[in-house]
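upload_32.cif follows (mmCIF, C-alpha atoms):
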```
data_coords
#
loop_
_atom_site.group_PDB
_atom_site.id
_atom_site.type_symbol
_atom_site.label_atom_id
_atom_site.label_comp_id
_atom_site.auth_asym_id
_atom_site.auth_seq_id
_atom_site.Cartn_x
_atom_site.Cartn_y
_atom_site.Cartn_z
ATOM 1 C CA MET A 765 0.000 0.000 0.000
ATOM 2 C CA GLY A 766 2.866 2.397 0.748
ATOM 3 C CA ASN A 767 2.860 5.884 2.209
ATOM 4 C CA HIS A 768 1.557 7.693 -0.855
ATOM 5 C CA GLY A 769 -2.059 8.700 -0.673
ATOM 6 C CA SER A 770 -2.369 8.080 3.065
ATOM 7 C CA ASN A 771 -5.189 10.661 3.315
ATOM 8 C CA LEU A 772 -7.077 8.818 0.602
ATOM 9 C CA ASP A 773 -6.365 5.479 2.279
ATOM 10 C CA GLU A 774 -7.818 6.841 5.511
ATOM 11 C CA ILE A 775 -10.911 8.121 3.710
ATOM 12 C CA LEU A 776 -11.574 4.746 2.095
ATOM 13 C CA ALA A 777 -10.768 2.852 5.298
ATOM 14 C CA GLU A 778 -13.839 4.408 6.870
ATOM 15 C CA ASP A 779 -16.428 1.868 7.903
ATOM 16 C CA MET A 780 -18.845 1.002 5.065
ATOM 17 C CA HIS A 781 -21.710 1.724 7.446
ATOM 18 C CA HIS A 782 -20.379 5.259 7.850
ATOM 19 C CA TRP A 783 -20.210 5.709 4.055
ATOM 20 C CA TYR A 784 -23.763 4.437 3.707
ATOM 21 C CA ASN A 785 -25.085 6.752 6.443
ATOM 22 C CA MET A 786 -23.321 9.707 4.866
ATOM 23 C CA PHE A 787 -24.713 8.838 1.432
ATOM 24 C CA MET A 788 -28.242 8.495 2.807
ATOM 25 C CA ARG A 789 -27.928 11.750 4.775
ATOM 26 C CA GLU A 790 -26.985 13.600 1.588
ATOM 27 C CA SER A 791 -29.571 11.782 -0.506
ATOM 28 C CA PRO A 792 -32.389 10.194 1.517
ATOM 29 C CA SER A 793 -33.925 8.734 -1.648
ATOM 30 C CA GLY A 794 -30.823 6.563 -2.079
ATOM 31 C CA LEU A 795 -30.113 8.176 -5.436
ATOM 32 C CA ILE A 796 -28.045 11.248 -6.278
ATOM 33 C CA THR A 797 -29.040 13.353 -9.256
ATOM 34 C CA LEU A 798 -26.675 15.640 -11.121
ATOM 35 C CA PHE A 799 -28.314 18.630 -9.432
ATOM 36 C CA GLU A 800 -27.813 17.064 -5.983
ATOM 37 C CA LEU A 801 -24.166 16.272 -6.734
ATOM 38 C CA LYS A 802 -23.528 19.906 -7.580
ATOM 39 C CA ALA A 803 -25.294 20.934 -4.358
ATOM 40 C CA ILE A 804 -23.283 18.445 -2.258
ATOM 41 C CA LEU A 805 -20.052 19.796 -3.728
ATOM 42 C CA ASN A 806 -21.288 23.369 -3.281
ATOM 43 C CA LEU A 807 -20.527 24.150 -6.931
ATOM 44 C CA LYS A 808 -22.478 27.297 -7.607
ATOM 45 C CA GLY A 809 -21.589 29.935 -10.161
ATOM 46 C CA MET A 810 -19.196 27.727 -12.123
ATOM 47 C CA ASN A 811 -18.155 28.696 -15.609
ATOM 48 C CA GLU A 812 -19.406 26.622 -18.543
ATOM 49 C CA ASN A 813 -16.264 24.434 -18.730
ATOM 50 C CA ALA A 814 -16.372 23.569 -15.031
ATOM 51 C CA ASN A 815 -20.095 22.870 -15.269
ATOM 52 C CA SER A 816 -19.538 20.605 -18.274
ATOM 53 C CA TYR A 817 -16.757 18.754 -16.426
ATOM 54 C CA VAL A 818 -19.008 18.032 -13.432
ATOM 55 C CA ASP A 819 -21.670 16.782 -15.842
ATOM 56 C CA GLN A 820 -19.098 14.498 -17.476
ATOM 57 C CA VAL A 821 -17.916 13.178 -14.077
ATOM 58 C CA PHE A 822 -21.515 12.456 -13.120
ATOM 59 C CA PHE A 823 -22.215 10.576 -16.350
ATOM 60 C CA THR A 824 -19.037 8.476 -16.042
ATOM 61 C CA PHE A 825 -20.009 7.519 -12.475
ATOM 62 C CA ASP A 826 -23.617 6.800 -13.486
ATOM 63 C CA MET A 827 -22.528 3.406 -14.749
ATOM 64 C CA ASP A 828 -25.972 2.116 -15.714
ATOM 65 C CA GLY A 829 -26.952 5.400 -17.396
ATOM 66 C CA ASP A 830 -30.223 5.814 -15.483
ATOM 67 C CA GLY A 831 -29.562 9.461 -14.566
ATOM 68 C CA TYR A 832 -28.803 8.698 -10.903
ATOM 69 C CA ILE A 833 -25.789 7.653 -8.869
ATOM 70 C CA ASP A 834 -26.878 4.949 -6.444
ATOM 71 C CA PHE A 835 -24.874 3.750 -3.443
ATOM 72 C CA VAL A 836 -23.097 0.972 -5.365
ATOM 73 C CA GLU A 837 -22.029 3.433 -8.099
ATOM 74 C CA TYR A 838 -20.989 5.919 -5.399
ATOM 75 C CA ILE A 839 -18.744 3.390 -3.648
ATOM 76 C CA ALA A 840 -17.392 2.078 -6.959
ATOM 77 C CA ALA A 841 -16.486 5.628 -8.017
ATOM 78 C CA ILE A 842 -14.779 6.429 -4.724
ATOM 79 C CA SER A 843 -12.935 3.097 -4.783
ATOM 80 C CA LEU A 844 -11.751 3.725 -8.332
ATOM 81 C CA MET A 845 -10.486 7.198 -7.454
ATOM 82 C CA LEU A 846 -8.750 6.014 -4.312
ATOM 83 C CA LYS A 847 -7.690 2.455 -4.921
ATOM 84 C CA GLY A 848 -8.160 1.669 -8.597
ATOM 85 C CA GLU A 849 -5.404 0.040 -10.609
ATOM 86 C CA ILE A 850 -3.575 2.449 -12.886
ATOM 87 C CA ASN A 851 -5.143 0.929 -16.035
ATOM 88 C CA GLN A 852 -8.631 1.407 -14.539
ATOM 89 C CA LYS A 853 -7.867 5.011 -13.637
ATOM 90 C CA LEU A 854 -6.414 5.751 -17.064
ATOM 91 C CA LYS A 855 -9.489 4.250 -18.746
ATOM 92 C CA TRP A 856 -11.701 6.392 -16.526
ATOM 93 C CA TYR A 857 -9.620 9.506 -17.294
ATOM 94 C CA PHE A 858 -9.892 8.736 -20.998
ATOM 95 C CA LYS A 859 -13.674 8.313 -20.812
ATOM 96 C CA LEU A 860 -13.877 11.606 -18.950
ATOM 97 C CA PHE A 861 -11.635 13.406 -21.451
ATOM 98 C CA ASP A 862 -13.457 12.013 -24.506
ATOM 99 C CA GLN A 863 -16.286 14.521 -24.297
ATOM 100 C CA ASP A 864 -17.785 13.792 -27.696
ATOM 101 C CA GLY A 865 -17.587 10.021 -27.192
ATOM 102 C CA ASN A 866 -15.784 9.332 -30.479
ATOM 103 C CA GLY A 867 -13.169 7.050 -28.892
ATOM 104 C CA LYS A 868 -10.378 9.614 -29.282
ATOM 105 C CA ILE A 869 -9.261 12.639 -27.310
ATOM 106 C CA ASP A 870 -7.928 15.779 -28.927
ATOM 107 C CA LYS A 871 -6.099 18.810 -27.555
ATOM 108 C CA GLU A 872 -9.246 20.887 -27.189
ATOM 109 C CA GLU A 873 -11.012 18.207 -25.126
ATOM 110 C CA LEU A 874 -8.011 17.877 -22.800
ATOM 111 C CA GLU A 875 -7.553 21.626 -22.375
ATOM 112 C CA THR A 876 -11.258 22.059 -21.628
ATOM 113 C CA ILE A 877 -11.225 19.343 -18.967
ATOM 114 C CA PHE A 878 -7.979 20.513 -17.352
ATOM 115 C CA SER A 879 -9.225 24.127 -17.232
ATOM 116 C CA ALA A 880 -12.504 22.966 -15.722
ATOM 117 C CA ILE A 881 -10.719 20.884 -13.080
ATOM 118 C CA GLN A 882 -8.652 23.910 -12.142
ATOM 119 C CA ASP A 883 -11.801 26.015 -11.839
ATOM 120 C CA ILE A 884 -13.226 23.484 -9.392
ATOM 121 C CA THR A 885 -10.088 22.630 -7.376
ATOM 122 C CA ARG A 886 -8.631 26.158 -7.514
ATOM 123 C CA ASN A 887 -5.279 24.468 -8.225
ATOM 124 C CA ARG A 888 -3.604 26.393 -11.021
ATOM 125 C CA ASP A 889 -0.048 25.082 -10.589
ATOM 126 C CA ILE A 890 0.120 23.721 -14.130
ATOM 127 C CA ASP A 891 -0.966 25.615 -17.256
ATOM 128 C CA PRO A 892 -3.479 23.406 -19.147
ATOM 129 C CA GLU A 893 -2.053 24.381 -22.544
ATOM 130 C CA GLU A 894 1.461 23.411 -21.444
ATOM 131 C CA ILE A 895 0.489 20.000 -20.096
ATOM 132 C CA VAL A 896 -1.632 19.249 -23.173
ATOM 133 C CA ALA A 897 1.220 20.270 -25.502
ATOM 134 C CA LEU A 898 3.597 18.021 -23.549
ATOM 135 C CA ILE A 899 1.166 15.079 -23.555
ATOM 136 C CA PHE A 900 0.646 15.289 -27.305
ATOM 137 C CA GLU A 901 4.346 15.874 -28.019
ATOM 138 C CA ARG A 902 5.291 12.716 -26.105
ATOM 139 C CA ILE A 903 2.314 10.426 -26.666
ATOM 140 C CA ASP A 904 0.904 11.331 -30.095
ATOM 141 C CA VAL A 905 3.736 9.605 -31.937
ATOM 142 C CA ASN A 906 1.813 9.567 -35.231
ATOM 143 C CA GLY A 907 1.166 13.308 -35.032
ATOM 144 C CA GLU A 908 -2.556 12.869 -35.738
ATOM 145 C CA GLY A 909 -3.682 15.373 -33.118
ATOM 146 C CA GLU A 910 -5.820 12.696 -31.455
ATOM 147 C CA LEU A 911 -5.129 9.915 -28.979
ATOM 148 C CA THR A 912 -6.851 6.547 -28.865
ATOM 149 C CA LEU A 913 -7.402 4.780 -25.544
ATOM 150 C CA GLU A 914 -4.456 2.469 -26.238
ATOM 151 C CA GLU A 915 -2.115 5.348 -27.147
ATOM 152 C CA PHE A 916 -3.204 7.258 -24.058
ATOM 153 C CA ILE A 917 -2.693 4.355 -21.632
ATOM 154 C CA GLU A 918 0.616 3.165 -23.097
ATOM 155 C CA GLY A 919 1.913 6.724 -23.463
ATOM 156 C CA ALA A 920 1.044 7.663 -19.903
ATOM 157 C CA LYS A 921 2.617 4.479 -18.550
ATOM 158 C CA ASP A 922 5.777 4.984 -20.644
ATOM 159 C CA HIS A 923 6.293 8.577 -19.409
ATOM 160 C CA PRO A 924 6.402 8.845 -15.592
ATOM 161 C CA ASP A 925 6.448 12.655 -15.759
ATOM 162 C CA ILE A 926 3.172 12.697 -17.703
ATOM 163 C CA MET A 927 1.678 10.144 -15.322
ATOM 164 C CA ASP A 928 2.648 12.363 -12.374
ATOM 165 C CA MET A 929 1.076 15.415 -14.021
ATOM 166 C CA LEU A 930 -2.131 13.486 -14.728
ATOM 167 C CA LYS A 931 -2.300 12.273 -11.129
ATOM 168 C CA LYS A 932 -1.780 15.812 -9.865
ATOM 169 C CA MET A 933 -4.343 17.318 -12.252
ATOM 170 C CA MET A 934 -6.900 14.585 -11.564
ATOM 171 C CA ASP A 935 -6.459 14.564 -7.770
ATOM 172 C CA LEU A 936 -10.020 14.681 -6.512
ATOM 173 C CA THR A 937 -9.034 14.641 -2.824
ATOM 174 C CA PRO A 938 -10.568 18.121 -2.237
ATOM 175 C CA VAL A 939 -13.864 16.864 -3.673
ATOM 176 C CA LEU A 940 -13.764 13.737 -1.505
ATOM 177 C CA VAL A 941 -13.000 15.806 1.592
ATOM 178 C CA ILE A 942 -16.137 17.871 0.891
ATOM 179 C CA ILE A 943 -18.161 14.657 0.509
ATOM 180 C CA VAL A 944 -16.677 13.062 3.652
ATOM 181 C CA GLU A 945 -17.004 16.143 5.848
ATOM 182 C CA GLY A 946 -20.410 17.080 4.498
ATOM 183 C CA ARG A 947 -21.582 20.302 2.937
ATOM 184 C CA THR A 948 -20.881 22.510 5.905
ATOM 185 C CA GLY A 949 -17.381 21.098 6.453
#
```

Using the file provided, produce a representation of the structure as structure tokens.
Amino acid sequence: MGNHGSNLDEILAEDMHHWYNMFMRESPSGLITLFELKAILNLKGMNENANSYVDQVFFTFDMDGDGYIDFVEYIAAISLMLKGEINQKLKWYFKLFDQDGNGKIDKEELETIFSAIQDITRNRDIDPEEIVALIFERIDVNGEGELTLEEFIEGAKDHPDIMDMLKKMMDLTPVLVIIVEGRTG
């Protein structure tokens, strides 16, 4: 397990009963809608990119596509973010980045997502245009301006610096802390 991510390990180590009670407190119906997710995360007044990103996160976590996140999807999403194998996380990242669902990600999709993440996390340590340029320079070996899932996964795994940047950009710990501590924190 190692020392890395000890905060996340502690969050996931919480008793399942606690997670269930928290989920039911936030959503007594047992289902979270997109609107409720935004309320739980206290995401008001977001710009269009940030709003679109939250929508995309919701739809990737709504695994059965019924328009709700139920408790099983909630726990699966948290487990993936905290404990998922790197291939699982990279596949999830790819699905999140592929906004138009065409099976490829382009520079614009990546820049939009990275900018949106920064709007939500308030972490602006890395310029989205710079990281996207670096990702495509290193991973898009064919120079097509698009990455397939396979190119994305293999490229990220072959370049530890890119993997580190992705992990940093996609760190949803602040979001999980809001969920764990509740709306009022």

- Message: Calculated over only C-alpha atoms, which of the candidates A:Asp883, A:Asp922, A:Asp862, A:Asp889 has the smallest distance to Arg902 in chain A?
- Response: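 The answer is A:Asp922, which sits nearest to Arg902 in chain A.
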
- Could you state the separation of CA of Val821 in chain A and CA of Glu873 in chain A in Å, given to one decimal place?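 Result for CA of Val821 in chain A versus CA of Glu873 in chain A: 14.0 Å, one decimal.
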
- Expressed in Å to a single decimal, how great is the separation between CA of Glu908 in chain A and CA of Ala814 in chain A?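 Taking CA of Glu908 in chain A as the start and CA of Ala814 in chain A as the end point, the length is 27.1 Å.
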
- Query: Could you write out as a PyMOL selection string the residues that the PyMOL selection byres ((chain A and resi 815) around 12) matches in the shown file?
  - Reply: chain A and resi 798-799+801-802+805+807-814+816-822+876-877+879-884

So which residues touch Thr797 in chain A within 12 Å, counting all atoms listed in the file, skipping near sequence neighbours fewer than 4 positions away, as a PDB file with C-alpha atoms, in the coordinates of the input?
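Contents of out.pdb, freshly written:
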```pdb
ATOM      1  CA  GLU A 790     -26.985  13.600   1.588  1.00  0.00           C
ATOM      2  CA  SER A 791     -29.571  11.782  -0.506  1.00  0.00           C
ATOM      3  CA  PRO A 792     -32.389  10.194   1.517  1.00  0.00           C
ATOM      4  CA  SER A 793     -33.925   8.734  -1.648  1.00  0.00           C
ATOM      5  CA  LEU A 801     -24.166  16.272  -6.734  1.00  0.00           C
ATOM      6  CA  LYS A 802     -23.528  19.906  -7.580  1.00  0.00           C
ATOM      7  CA  ALA A 803     -25.294  20.934  -4.358  1.00  0.00           C
ATOM      8  CA  ILE A 804     -23.283  18.445  -2.258  1.00  0.00           C
ATOM      9  CA  VAL A 818     -19.008  18.032 -13.432  1.00  0.00           C
ATOM     10  CA  ASP A 819     -21.670  16.782 -15.842  1.00  0.00           C
ATOM     11  CA  PHE A 822     -21.515  12.456 -13.120  1.00  0.00           C
ATOM     12  CA  PHE A 823     -22.215  10.576 -16.350  1.00  0.00           C
ATOM     13  CA  PHE A 825     -20.009   7.519 -12.475  1.00  0.00           C
ATOM     14  CA  ASP A 826     -23.617   6.800 -13.486  1.00  0.00           C
ATOM     15  CA  GLY A 829     -26.952   5.400 -17.396  1.00  0.00           C
ATOM     16  CA  ASP A 830     -30.223   5.814 -15.483  1.00  0.00           C
ATOM     17  CA  GLY A 831     -29.562   9.461 -14.566  1.00  0.00           C
ATOM     18  CA  TYR A 832     -28.803   8.698 -10.903  1.00  0.00           C
ATOM     19  CA  ILE A 833     -25.789   7.653  -8.869  1.00  0.00           C
ATOM     20  CA  ASP A 834     -26.878   4.949  -6.444  1.00  0.00           C
ATOM     21  CA  PHE A 835     -24.874   3.750  -3.443  1.00  0.00           C
ATOM     22  CA  TYR A 838     -20.989   5.919  -5.399  1.00  0.00           C
TER      23      TYR A 838
END
```

- Task: In Å, rounded to a single decimal, give me how far CA of Lys931 in chain A is from CA of Ile839 in chain A.
- Result: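 Going from CA of Ile839 in chain A over to CA of Lys931 in chain A, I get 20.1 Å.
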
- Rank nothing, just name the residue among A:Ile899, A:His782, A:Lys868, A:His923 nearest to Lys855 in chain A, using only C-alpha atoms.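 Smallest separation from Lys855 in chain A among the options: A:Lys868.
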
- Message: Evaluated on this file, the PyMOL selection byres ((chain A and resi 867) around 9) picks out some residues - which ones are they, written as a list in words?
- Response: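 When the PyMOL selection byres ((chain A and resi 867) around 9) is applied to the shown file, the picked residues are Phe858, Lys859, Asp862, Asp864, Gly865, Asn866, Lys868, Ile869, Leu911, Thr912 and Leu913 of chain A.
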
For the residues selected in the previous step, produce a file with C-alpha atoms as a compact mmCIF listing (two decimals), in the frame of the given file.
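The result, written out as again18.txt:
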```txt
# COMPACT_ATOMS: atom_id res chain seq x y z
CA PHE A 858 -9.89 8.74 -21.00
CA LYS A 859 -13.67 8.31 -20.81
CA ASP A 862 -13.46 12.01 -24.51
CA ASP A 864 -17.78 13.79 -27.70
CA GLY A 865 -17.59 10.02 -27.19
CA ASN A 866 -15.78 9.33 -30.48
CA LYS A 868 -10.38 9.61 -29.28
CA ILE A 869 -9.26 12.64 -27.31
CA LEU A 911 -5.13 9.91 -28.98
CA THR A 912 -6.85 6.55 -28.86
CA LEU A 913 -7.40 4.78 -25.54
```

- Query: Which residue, A:Ala897, A:Met927, A:Ile917, A:Met934, has the smallest gap to Gln852 in chain A when you use all atoms listed in the file?
  - Reply: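 Nearest candidate to Gln852 in chain A out of A:Ala897, A:Met927, A:Ile917, A:Met934: A:Ile917.
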